[in-house]
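Enquirer: One file: start.txt (compact mmCIF, C-alpha atoms).
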```txt
# COMPACT_ATOMS: atom_id res chain seq x y z
CA MET A 1 -50.42 106.07 -75.69
CA ILE A 2 -47.39 104.22 -77.15
CA GLY A 3 -46.70 100.49 -76.78
CA GLN A 4 -49.84 98.61 -77.82
CA LYS A 5 -50.02 96.56 -81.02
CA ARG A 6 -53.50 97.63 -82.06
CA VAL A 7 -56.48 99.10 -80.23
CA PRO A 8 -59.28 98.42 -79.90
CA SER A 9 -58.44 94.70 -79.84
CA ARG A 10 -57.91 91.75 -77.51
CA GLU A 11 -54.51 90.75 -78.90
CA GLY A 12 -53.00 90.94 -75.44
CA GLY A 13 -53.35 92.40 -71.99
CA VAL A 14 -51.58 95.63 -72.97
CA GLU A 15 -54.18 96.27 -75.66
CA VAL A 16 -57.08 95.71 -73.26
CA VAL A 17 -55.57 98.01 -70.63
CA VAL A 18 -54.74 100.81 -73.09
CA TRP A 19 -58.25 100.86 -74.52
CA GLU A 20 -60.02 100.66 -71.15
CA LEU A 21 -57.88 103.57 -69.94
CA ALA A 22 -58.18 105.59 -73.15
CA THR A 23 -61.97 105.38 -73.34
CA ARG A 24 -62.38 106.40 -69.70
CA LEU A 25 -59.98 109.31 -70.15
CA ARG A 26 -62.09 110.37 -73.12
CA ASP A 27 -65.25 110.18 -71.03
CA LYS A 28 -63.63 112.46 -68.44
CA GLY A 29 -62.88 115.11 -71.06
CA HIS A 30 -59.29 114.29 -72.01
CA VAL A 31 -58.02 114.12 -75.59
CA VAL A 32 -56.31 110.80 -76.28
CA ASP A 33 -54.20 109.63 -79.23
CA CYS A 34 -53.25 105.93 -79.54
CA TYR A 35 -50.24 104.97 -81.69
CA ASN A 36 -50.92 101.58 -83.28
CA ARG A 37 -48.40 99.41 -85.10
CA TYR A 38 -49.02 98.95 -88.80
CA GLN A 39 -50.74 95.67 -89.64
CA LYS A 40 -51.78 94.16 -92.96
CA HIS A 41 -55.49 94.12 -92.17
CA LYS A 42 -56.88 97.63 -92.23
CA GLN A 43 -58.76 98.83 -89.20
CA PRO A 44 -61.95 100.82 -89.87
CA ARG A 45 -61.38 104.43 -88.83
CA HIS A 46 -63.38 107.53 -89.62
CA LYS A 47 -63.02 111.29 -89.75
CA VAL A 48 -64.56 113.54 -87.11
CA ALA A 49 -65.78 116.98 -88.16
CA GLY A 50 -63.41 119.71 -87.07
CA LYS A 51 -60.67 117.32 -85.90
CA PRO A 52 -57.50 116.17 -87.70
CA GLY A 53 -56.76 112.50 -88.32
CA LEU A 54 -58.83 109.32 -88.16
CA TYR A 55 -60.77 108.06 -85.16
CA VAL A 56 -62.35 105.05 -83.46
CA ASP A 57 -64.93 105.94 -80.80
CA ASP A 58 -63.65 109.53 -80.70
CA ILE A 59 -60.08 108.43 -79.95
CA ARG A 60 -57.53 109.29 -82.63
CA ILE A 61 -55.69 106.24 -83.96
CA ILE A 62 -52.30 106.98 -85.52
CA VAL A 63 -50.82 104.04 -87.43
CA VAL A 64 -47.02 103.77 -87.31
CA PRO A 65 -44.86 101.78 -89.77
CA THR A 66 -42.65 99.01 -88.44
CA LEU A 67 -40.84 95.81 -89.51
CA ASN A 68 -42.21 92.32 -90.03
CA ASN A 69 -39.45 90.98 -87.77
CA GLY A 70 -41.30 90.00 -84.60
CA LYS A 71 -38.36 90.71 -82.29
CA LEU A 72 -37.56 94.17 -83.66
CA ASN A 73 -40.92 95.58 -84.72
CA ALA A 74 -41.72 96.95 -81.25
CA ILE A 75 -38.45 98.89 -81.17
CA VAL A 76 -38.82 100.29 -84.69
CA TYR A 77 -42.45 101.16 -84.03
CA ALA A 78 -41.58 102.87 -80.73
CA PHE A 79 -38.90 104.98 -82.46
CA PHE A 80 -41.23 106.27 -85.18
CA ALA A 81 -44.13 106.71 -82.74
CA THR A 82 -41.89 108.72 -80.41
CA ILE A 83 -40.61 110.97 -83.21
CA ARG A 84 -44.21 111.65 -84.27
CA ALA A 85 -45.33 112.22 -80.67
CA LEU A 86 -42.61 114.85 -80.12
CA PHE A 87 -44.59 117.12 -82.44
CA GLY A 88 -48.04 116.20 -81.08
CA GLY A 89 -48.33 118.94 -78.47
CA TYR A 90 -49.11 116.42 -75.73
CA ASP A 91 -49.15 117.14 -72.01
CA VAL A 92 -48.10 113.55 -71.30
CA ILE A 93 -46.66 110.69 -73.37
CA HIS A 94 -47.57 107.35 -71.79
CA TYR A 95 -45.45 104.31 -72.70
CA HIS A 96 -46.73 100.77 -72.14
CA ALA A 97 -44.43 97.72 -71.70
CA GLU A 98 -40.66 97.50 -71.48
CA GLY A 99 -39.76 97.24 -75.19
CA PRO A 100 -41.26 100.58 -76.26
CA CYS A 101 -39.63 102.24 -73.20
CA LEU A 102 -36.32 101.97 -75.09
CA MET A 103 -37.30 105.28 -76.71
CA LEU A 104 -38.56 106.97 -73.55
CA TRP A 105 -35.33 108.97 -73.10
CA LEU A 106 -35.95 110.87 -76.33
CA PRO A 107 -39.01 112.90 -75.27
CA LYS A 108 -37.30 113.50 -71.91
CA LEU A 109 -34.40 115.04 -73.87
CA PHE A 110 -36.91 117.53 -75.27
CA GLY A 111 -38.44 118.28 -71.87
CA LYS A 112 -41.64 116.26 -72.33
CA LYS A 113 -43.52 114.65 -69.45
CA VAL A 114 -43.40 110.86 -69.66
CA ILE A 115 -45.09 108.02 -67.77
CA ALA A 116 -44.25 104.32 -68.16
CA THR A 117 -46.50 101.39 -67.28
CA ILE A 118 -44.54 98.18 -66.78
CA HIS A 119 -47.06 95.43 -67.56
CA GLY A 120 -44.62 92.70 -66.51
CA LEU A 121 -40.95 91.78 -66.61
CA ASP A 122 -41.04 91.01 -70.31
CA TRP A 123 -37.40 89.94 -70.56
CA GLN A 124 -38.31 86.83 -68.53
CA ARG A 125 -40.64 85.57 -71.23
CA ALA A 126 -39.49 82.41 -73.00
CA LYS A 127 -40.17 83.58 -76.57
CA TRP A 128 -37.35 86.13 -76.57
CA GLY A 129 -33.74 85.33 -77.54
CA ASN A 130 -30.70 86.84 -75.84
CA PHE A 131 -30.59 90.00 -77.97
CA ALA A 132 -34.27 90.78 -77.56
CA SER A 133 -34.14 90.05 -73.82
CA LYS A 134 -31.22 92.46 -73.44
CA MET A 135 -33.16 95.14 -75.32
CA LEU A 136 -36.16 94.62 -73.05
CA MET A 137 -33.97 94.91 -69.96
CA THR A 138 -32.49 98.10 -71.38
CA GLY A 139 -36.01 99.47 -71.86
CA GLU A 140 -36.75 98.61 -68.24
CA LYS A 141 -33.61 100.43 -67.05
CA ILE A 142 -34.47 103.50 -69.15
CA ALA A 143 -37.97 103.60 -67.67
CA ALA A 144 -36.55 103.30 -64.15
CA LYS A 145 -34.03 106.10 -64.76
CA TYR A 146 -35.87 108.64 -66.92
CA ALA A 147 -39.67 108.30 -66.60
CA ASP A 148 -41.35 111.01 -64.54
CA GLU A 149 -43.58 108.31 -63.04
CA VAL A 150 -43.52 104.50 -63.29
CA ILE A 151 -46.69 102.43 -62.87
CA VAL A 152 -46.54 98.72 -62.02
CA LEU A 153 -49.36 96.19 -61.87
CA SER A 154 -48.20 93.97 -59.03
CA LYS A 155 -46.56 94.32 -55.63
CA ASN A 156 -43.93 91.82 -56.75
CA VAL A 157 -42.76 94.07 -59.61
CA GLN A 158 -42.93 97.11 -57.33
CA GLU A 159 -40.51 95.41 -54.94
CA TYR A 160 -38.30 94.39 -57.87
CA PHE A 161 -37.93 98.00 -59.08
CA LYS A 162 -37.11 99.21 -55.57
CA GLU A 163 -34.53 96.49 -54.95
CA THR A 164 -32.96 96.61 -58.44
CA TYR A 165 -33.00 100.31 -59.25
CA GLY A 166 -33.89 102.04 -56.00
CA ARG A 167 -36.87 103.41 -57.88
CA ASP A 168 -40.19 104.16 -56.19
CA THR A 169 -43.11 103.16 -58.38
CA HIS A 170 -46.89 103.46 -58.23
CA TYR A 171 -48.93 100.28 -57.82
CA ILE A 172 -52.04 100.76 -59.98
CA PRO A 173 -53.54 97.35 -60.80
CA ASN A 174 -55.73 96.60 -63.79
CA GLY A 175 -59.49 96.70 -63.44
CA ILE A 176 -62.42 94.55 -64.42
CA SER A 177 -66.10 95.15 -65.07
CA ARG A 178 -69.00 92.83 -64.30
CA PRO A 179 -69.60 90.92 -67.52
CA VAL A 180 -72.68 89.76 -69.37
CA ILE A 181 -73.37 86.12 -68.44
CA ARG A 182 -74.58 84.19 -71.48
CA LYS A 183 -76.07 80.72 -71.85
CA PRO A 184 -74.45 78.34 -74.38
CA ASN A 185 -75.61 79.00 -77.93
CA LEU A 186 -72.83 79.75 -80.42
CA ILE A 187 -70.41 77.46 -78.57
CA THR A 188 -72.92 74.60 -78.76
CA LYS A 189 -73.37 75.03 -82.50
CA LYS A 190 -69.65 75.54 -83.17
CA TYR A 191 -67.93 73.21 -80.70
CA GLY A 192 -70.68 71.02 -79.24
CA LEU A 193 -70.19 72.53 -75.76
CA LYS A 194 -73.22 72.58 -73.47
CA GLY A 195 -71.78 74.29 -70.38
CA HIS A 196 -69.76 73.00 -67.41
CA ASP A 197 -68.32 70.36 -69.74
CA TYR A 198 -64.95 71.97 -70.51
CA ILE A 199 -61.82 73.43 -68.95
CA MET A 200 -60.83 76.73 -70.52
CA THR A 201 -57.64 78.72 -70.83
CA LEU A 202 -57.63 82.15 -72.46
CA CYS A 203 -54.28 83.63 -73.53
CA ARG A 204 -51.84 84.17 -76.35
CA ILE A 205 -50.26 80.87 -77.33
CA VAL A 206 -46.69 81.53 -76.26
CA PRO A 207 -44.37 79.33 -74.14
CA GLU A 208 -44.58 81.30 -70.90
CA LYS A 209 -48.35 80.79 -70.72
CA GLY A 210 -47.76 77.09 -69.94
CA ILE A 211 -50.46 75.61 -72.18
CA HIS A 212 -48.24 72.59 -72.78
CA TYR A 213 -48.34 71.80 -69.04
CA LEU A 214 -52.14 71.66 -69.13
CA LEU A 215 -52.29 69.45 -72.25
CA GLU A 216 -49.59 67.15 -70.89
CA ALA A 217 -51.32 66.84 -67.52
CA TYR A 218 -54.71 66.17 -69.08
CA LYS A 219 -53.45 63.20 -71.14
CA ASN A 220 -53.43 61.09 -67.98
CA ILE A 221 -56.90 62.10 -66.79
CA ASP A 222 -59.85 59.84 -67.55
CA SER A 223 -62.61 62.33 -68.35
CA ASP A 224 -64.91 63.28 -71.20
CA MET A 225 -64.51 66.94 -70.34
CA LYS A 226 -63.04 69.07 -73.14
CA ILE A 227 -60.05 71.40 -72.98
CA VAL A 228 -60.67 74.73 -74.76
CA VAL A 229 -57.55 76.72 -75.65
CA ALA A 230 -58.78 80.17 -76.67
CA GLY A 231 -56.20 82.49 -78.23
CA GLY A 232 -53.81 82.95 -81.13
CA PHE A 233 -50.02 82.82 -81.31
CA SER A 234 -47.75 85.86 -81.06
CA ASN A 235 -44.22 85.61 -82.51
CA ALA A 236 -44.01 81.98 -81.38
CA ALA A 237 -44.71 79.88 -84.48
CA GLU A 238 -42.69 76.87 -83.27
CA TYR A 239 -44.59 76.76 -80.00
CA MET A 240 -47.88 77.06 -81.82
CA GLU A 241 -46.95 74.02 -83.90
CA GLN A 242 -46.09 72.13 -80.70
CA ILE A 243 -49.52 72.94 -79.25
CA ARG A 244 -51.24 71.93 -82.51
CA ARG A 245 -49.44 68.57 -82.44
CA MET A 246 -50.40 67.96 -78.83
CA ALA A 247 -54.01 68.92 -79.57
CA ALA A 248 -54.12 66.56 -82.56
CA GLU A 249 -53.15 63.68 -80.27
CA ASP A 250 -56.13 64.26 -77.94
CA PRO A 251 -59.62 64.60 -79.46
CA ARG A 252 -60.81 66.32 -76.28
CA VAL A 253 -58.73 69.45 -77.06
CA ILE A 254 -60.34 72.35 -78.95
CA LEU A 255 -58.19 75.19 -80.37
CA THR A 256 -60.36 78.21 -81.12
CA ASP A 257 -57.81 80.83 -82.31
CA PHE A 258 -58.67 84.44 -81.35
CA ILE A 259 -62.23 84.86 -80.12
CA HIS A 260 -64.27 87.89 -79.15
CA ASP A 261 -67.75 89.27 -78.54
CA GLN A 262 -70.56 86.73 -77.95
CA GLU A 263 -68.41 83.63 -78.48
CA LEU A 264 -65.91 84.81 -75.87
CA GLU A 265 -68.68 85.73 -73.44
CA GLU A 266 -70.32 82.32 -73.82
CA LEU A 267 -67.06 80.43 -73.32
CA CYS A 268 -66.16 82.44 -70.21
CA SER A 269 -69.69 82.13 -68.80
CA ASN A 270 -69.92 78.35 -68.97
CA ALA A 271 -66.46 76.88 -68.26
CA TYR A 272 -66.22 74.28 -65.49
CA ILE A 273 -62.66 75.42 -64.68
CA PHE A 274 -60.75 78.47 -65.89
CA CYS A 275 -57.05 77.51 -65.92
CA LEU A 276 -54.03 79.83 -66.12
CA PRO A 277 -50.90 77.63 -65.98
CA SER A 278 -48.41 80.41 -66.80
CA ASP A 279 -44.76 80.64 -65.76
CA VAL A 280 -44.65 84.45 -66.15
CA GLU A 281 -47.35 87.11 -65.81
CA GLY A 282 -47.63 90.81 -65.22
CA MET A 283 -51.23 91.04 -64.14
CA SER A 284 -53.38 88.73 -66.22
CA ILE A 285 -56.48 90.35 -67.69
CA SER A 286 -57.82 86.92 -68.63
CA LEU A 287 -57.56 85.77 -64.99
CA LEU A 288 -59.52 88.82 -63.85
CA GLU A 289 -62.10 88.00 -66.51
CA GLY A 290 -62.30 84.34 -65.55
CA MET A 291 -63.05 85.27 -61.94
CA SER A 292 -65.46 88.05 -62.92
CA TYR A 293 -67.58 85.45 -64.74
CA GLY A 294 -67.79 83.48 -61.50
CA ARG A 295 -65.62 80.61 -62.67
CA CYS A 296 -63.58 78.28 -60.49
CA CYS A 297 -60.01 79.29 -61.35
CA LEU A 298 -56.92 77.07 -61.25
CA VAL A 299 -53.66 79.01 -61.46
CA SER A 300 -49.92 78.50 -61.19
CA ASP A 301 -48.59 79.72 -57.85
CA ILE A 302 -46.48 82.60 -59.18
CA ASP A 303 -46.71 85.75 -57.05
CA GLU A 304 -48.57 87.73 -59.72
CA ASN A 305 -51.38 85.15 -59.87
CA ILE A 306 -51.69 84.59 -56.12
CA GLU A 307 -51.79 88.35 -55.53
CA VAL A 308 -54.88 88.51 -57.75
CA VAL A 309 -56.83 85.47 -56.55
CA GLY A 310 -55.94 85.38 -52.86
CA ASP A 311 -57.68 82.35 -51.34
CA LYS A 312 -60.56 82.51 -53.81
CA ALA A 313 -59.01 80.09 -56.36
CA VAL A 314 -57.04 76.85 -56.49
CA SER A 315 -53.30 76.92 -57.23
CA PHE A 316 -50.65 74.40 -58.27
CA LYS A 317 -46.86 74.45 -58.24
CA LYS A 318 -45.54 76.41 -61.23
CA SER A 319 -44.35 74.19 -64.13
CA ASP A 320 -45.30 71.03 -62.19
CA VAL A 321 -47.32 68.84 -64.57
CA GLU A 322 -48.02 66.20 -61.93
CA ASP A 323 -49.39 68.71 -59.41
CA LEU A 324 -51.47 70.39 -62.12
CA GLY A 325 -52.93 67.03 -63.14
CA ASN A 326 -53.76 66.17 -59.55
CA LYS A 327 -55.58 69.47 -59.04
CA VAL A 328 -57.53 69.15 -62.30
CA GLY A 329 -58.53 65.57 -61.44
CA PHE A 330 -59.61 66.59 -57.94
CA LEU A 331 -61.80 69.44 -59.24
CA ILE A 332 -63.42 67.17 -61.85
CA ASP A 333 -64.26 64.65 -59.11
CA HIS A 334 -65.48 67.28 -56.62
CA PRO A 335 -68.09 69.58 -58.22
CA GLU A 336 -69.05 70.84 -54.75
CA THR A 337 -65.55 72.37 -54.42
CA VAL A 338 -65.88 73.95 -57.86
CA GLU A 339 -69.23 75.43 -56.84
CA LYS A 340 -67.70 76.86 -53.65
CA TYR A 341 -65.08 78.79 -55.63
CA GLU A 342 -67.65 79.87 -58.22
CA ASN A 343 -69.76 81.46 -55.49
CA MET A 344 -66.81 83.49 -54.17
CA ALA A 345 -65.06 84.60 -57.36
CA ALA A 346 -67.13 87.33 -59.04
CA ASP A 347 -67.96 89.56 -56.06
CA TYR A 348 -64.42 89.27 -54.73
CA ILE A 349 -62.66 90.25 -57.95
CA CYS A 350 -65.09 92.98 -59.06
CA ASP A 351 -64.91 94.65 -55.64
CA LYS A 352 -61.11 94.40 -55.53
CA TYR A 353 -60.26 95.66 -59.04
CA ASN A 354 -62.00 98.51 -60.82
CA TRP A 355 -61.25 100.30 -64.11
CA ASP A 356 -62.58 103.63 -62.85
CA LYS A 357 -60.31 103.54 -59.80
CA MET A 358 -57.38 102.66 -62.07
CA THR A 359 -58.20 105.60 -64.37
CA ASP A 360 -58.55 108.08 -61.50
CA ALA A 361 -55.20 106.99 -60.02
CA THR A 362 -53.54 107.39 -63.44
CA ILE A 363 -55.05 110.86 -63.94
CA GLU A 364 -53.65 111.84 -60.54
CA LEU A 365 -50.17 111.00 -61.85
CA TYR A 366 -50.83 112.94 -65.06
CA ASN A 367 -51.83 115.98 -63.01
CA ARG A 368 -48.56 115.92 -61.11
```
What's the structure tokens form of this structure?
Expert:
Amino acid sequence: MIGQKRVPSREGGVEVVVWELATRLRDKGHVVDCYNRYQKHKQPRHKVAGKPGLYVDDIRIIVVPTLNNGKLNAIVYAFFATIRALFGGYDVIHYHAEGPCLMLWLPKLFGKKVIATIHGLDWQRAKWGNFASKMLMTGEKIAAKYADEVIVLSKNVQEYFKETYGRDTHYIPNGISRPVIRKPNLITKKYGLKGHDYIMTLCRIVPEKGIHYLLEAYKNIDSDMKIVVAGGFSNAAEYMEQIRRMAAEDPRVILTDFIHDQELEELCSNAYIFCLPSDVEGMSISLLEGMSYGRCCLVSDIDENIEVVGDKAVSFKKSDVEDLGNKVGFLIDHPETVEKYENMAADYICDKYNWDKMTDATIELYNR
């Protein structure tokens, strides 16, 4: 697996997908190596008797050097990871995301079997400048031209690849598991939250996630309900400062930074509304999670969100602060509507998306 920042982690959707896939492949008897980018904090890894390298949960983690430059580190990492993987004796090299696919041609040159998963059209994301966007588009073109198989996570991206490159792709959406529902405990002690008294968004704090729309819309709403922004920034320091300034102007806003384990489970279990106001998505893991916890979800009306939620969530016009504010205000004033969506969400999403189905479909491509 090449393309993730660091697994196991929740730094982004790619990381969640790679680890869910890798652990299930392991359970089915496959040997999996994950190529992580070097990071300053050291990840605990251990030796396994009779096996080379260092492991987490019986999956070998190979750490690859890269640059501190946020816009180039994925490319440098992918180059070194690919060179190392050429000598790994692998049956399949699986690239994740468009940036790392820049190096996908190299193993093909040596006759290796290569699969690419396109997690979204990354060049559309607001954090990238012109050079980085062009590199991402080049990675996309290389994947379309050279990969033995291309996996996409949404019908919208599948149509895009067919129309743009004439390339047939395989639609294999992400999965979700039924979560542990927890009563408020840590979040009460830490943030004063008692349950059903906050609106939550869970994502990396980058411009395309649209957090600024939510904070701007909420300024004009007369409510004691809190806004919880759960997530850390990723190569978007200026945007993070903008969100911090907006949060400082409204005492109802709580910024948690990265969260995990029990704190994450409690926040997801007890939100009044789970909001995803993004301009761009591939297939949002956090949206799947929000619905799996039985939350009333409010999402921007981009194709990738509507494909996931169907008619089991509320939507607003993308980038439209006024429409977002109207929908938030309506849901605050109509708890019976919120309860209706809560009752539909979990069964719908957990029946529709499944990690085991996703793994089996991926293995089928490997076996080709």
Enquirer: Per residue of region 256-300 of chain A within 7 Å of region 219-230 of chain A, which atom pair is closest and at what distance in Å (one decimal), using only C-alpha atoms, listed by chain and increasing number, as a tab-separated table?
Expert:
```
residue	atom	partner	partner_atom	distance
A:Thr256	CA	A:Ala230	CA	5.1
A:Asp257	CA	A:Ala230	CA	5.8
A:Phe258	CA	A:Ala230	CA	6.3
A:Ile259	CA	A:Ala230	CA	6.8
```
Enquirer: Print the selection's residues with C-alpha atoms to a file, as an mmCIF file, in the frame of the given file.
Expert:
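For reference, out_14.cif as written:
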```cif
data_model
loop_
_atom_site.group_PDB
_atom_site.id
_atom_site.type_symbol
_atom_site.label_atom_id
_atom_site.label_comp_id
_atom_site.auth_asym_id
_atom_site.auth_seq_id
_atom_site.Cartn_x
_atom_site.Cartn_y
_atom_site.Cartn_z
ATOM 1 C CA THR A 256 -60.360 78.210 -81.120
ATOM 2 C CA ASP A 257 -57.810 80.830 -82.310
ATOM 3 C CA PHE A 258 -58.670 84.440 -81.350
ATOM 4 C CA ILE A 259 -62.230 84.860 -80.120
#
```
Enquirer: Go through A:Thr188, A:Thr23, A:Asn305, A:Thr66 and flag the residue nearest Gln39 (chain A), using all atoms listed in the file for the distances.
Expert: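 Nearest candidate to Gln39 (chain A) out of A:Thr188, A:Thr23, A:Asn305, A:Thr66: A:Thr66.
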Enquirer: Do a neighbour search on region 262-269 of chain A at 6 Å with all atoms listed in the file, toss out local chain neighbours closer than 3 positions, and write the hits as number ranges by chain.
Expert: A: 181-182, 184, 259, 293
Enquirer: Identify, on the basis of only C-alpha atoms, every residue whose closest approach to Gln43 (chain A) does not exceed 12 Å; exclude the query and any residue fewer than 5 positions from it along the same chain; express the result as a list in words.
Expert: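 My list of contacting residues is Arg6, Val7, Pro8, Ser9, Asn36, Arg37, Tyr38, Leu54, Tyr55, Val56, Ile61, Ile62 and Val63 of chain A.
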Enquirer: Those selected residues, please, written with C-alpha atoms and delivered as a compact mmCIF listing (two decimals), in the coordinates of the input.
Expert:
```txt
# COMPACT_ATOMS: atom_id res chain seq x y z
CA ARG A 6 -53.50 97.63 -82.06
CA VAL A 7 -56.48 99.10 -80.23
CA PRO A 8 -59.28 98.42 -79.90
CA SER A 9 -58.44 94.70 -79.84
CA ASN A 36 -50.92 101.58 -83.28
CA ARG A 37 -48.40 99.41 -85.10
CA TYR A 38 -49.02 98.95 -88.80
CA LEU A 54 -58.83 109.32 -88.16
CA TYR A 55 -60.77 108.06 -85.16
CA VAL A 56 -62.35 105.05 -83.46
CA ILE A 61 -55.69 106.24 -83.96
CA ILE A 62 -52.30 106.98 -85.52
CA VAL A 63 -50.82 104.04 -87.43
```
Enquirer: I'd like the contact shell of Ile302 (chain A) - 8 Å cut-off, all atoms listed in the file, skipping same-chain residues fewer than 6 positions apart - returned as a ChimeraX atom specification.
Expert: /A:279-280,318
Enquirer: Quick one, how far is CA of Glu322 (chain A) from CA of Leu298 (chain A)?
Expert: 14.1 Å
Enquirer: Could you tell me how far CA of Pro277 (chain A) sits from CA of Val299 (chain A), in Å to one decimal place?
Expert: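 One can read the CA of Val299 (chain A) to CA of Pro277 (chain A) distance as 5.5 Å.
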Enquirer: Return the single residue from A:Tyr77, A:Tyr218, A:Tyr198, A:Phe330 that is closest to Phe274 (chain A), with distances computed using only C-alpha atoms.
Expert: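 Of the candidates, the smallest distance to Phe274 (chain A) is held by A:Tyr198.
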Enquirer: Using only C-alpha atoms, which of the listed residues (A:Ala144, A:Phe87, A:Phe316, A:Ala271) sits closest to Lys183 (chain A)?
Expert: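 Smallest distance to Lys183 (chain A) is found for A:Ala271.
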Enquirer: Box time for region 219-230 of chain A: axis-aligned, enclosing all its listed atoms, 3 Å extra on each side; report centre and edge lengths in Å to one decimal, as JSON.
Expert:
```
{"center_x": -59.2, "center_y": 70.0, "center_z": -71.7, "size_x": 17.5, "size_y": 26.3, "size_z": 15.9}
```
Enquirer: Excluding same-chain residues fewer than 4 positions from Glu238 (chain A), what lies within 10 Å of it counting only C-alpha atoms, as a list in words?
Expert: Lys127, Val206, Pro207, Phe233, Gln242, Ile243 and Arg244 of chain A
Enquirer: Do you have the CA of Ile176 (chain A)-CA of Val17 (chain A) distance handy?
Expert: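 Pair CA of Ile176 (chain A) / CA of Val17 (chain A) returns 9.9 Å.
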Enquirer: Nearest to Asn270 (chain A): which of A:Thr117, A:Gln4, A:Asn185, A:Asn156 is it, counting all atoms listed in the file?
Expert: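 For Asn270 (chain A), the nearest of the candidates is A:Asn185.
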Enquirer: Which residue, A:Ala49, A:Ile118, A:Val64, A:Leu25, has the smallest gap to Gln158 (chain A) when you use only C-alpha atoms?
Expert: A:Ile118
Enquirer: Write out as a ChimeraX atom specification which residues come within 12 Å of Tyr160 (chain A) when counting all atoms listed in the file, dropping same-chain ones fewer than 4 positions away.
Expert: /A:118,120-121,140-141,144,152-156,164-169
Enquirer: Please identify all polymer residues lying at most 7 Å from the point (-40.3, 108.3, -69.3) (file coordinates), using all atoms listed in the file, and present the result as an mmCIF file with C-alpha atoms, keeping the file's coordinate frame.
Expert:
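Writing done, so here's out_13.cif:
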```cif
data_model
loop_
_atom_site.group_PDB
_atom_site.id
_atom_site.type_symbol
_atom_site.label_atom_id
_atom_site.label_comp_id
_atom_site.auth_asym_id
_atom_site.auth_seq_id
_atom_site.Cartn_x
_atom_site.Cartn_y
_atom_site.Cartn_z
ATOM 1 C CA LEU A 104 -38.560 106.970 -73.550
ATOM 2 C CA TRP A 105 -35.330 108.970 -73.100
ATOM 3 C CA LYS A 108 -37.300 113.500 -71.910
ATOM 4 C CA VAL A 114 -43.400 110.860 -69.660
ATOM 5 C CA ILE A 115 -45.090 108.020 -67.770
ATOM 6 C CA ALA A 116 -44.250 104.320 -68.160
ATOM 7 C CA ALA A 143 -37.970 103.600 -67.670
ATOM 8 C CA TYR A 146 -35.870 108.640 -66.920
ATOM 9 C CA ALA A 147 -39.670 108.300 -66.600
ATOM 10 C CA ASP A 148 -41.350 111.010 -64.540
#
```
Enquirer: With distances taken over all atoms listed in the file, which residue among A:Arg178, A:Lys209, A:Lys42, A:Lys327 lies nearest Leu288 (chain A)?
Expert: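 Comparing A:Arg178, A:Lys209, A:Lys42, A:Lys327 against Leu288 (chain A), the winner is A:Arg178.
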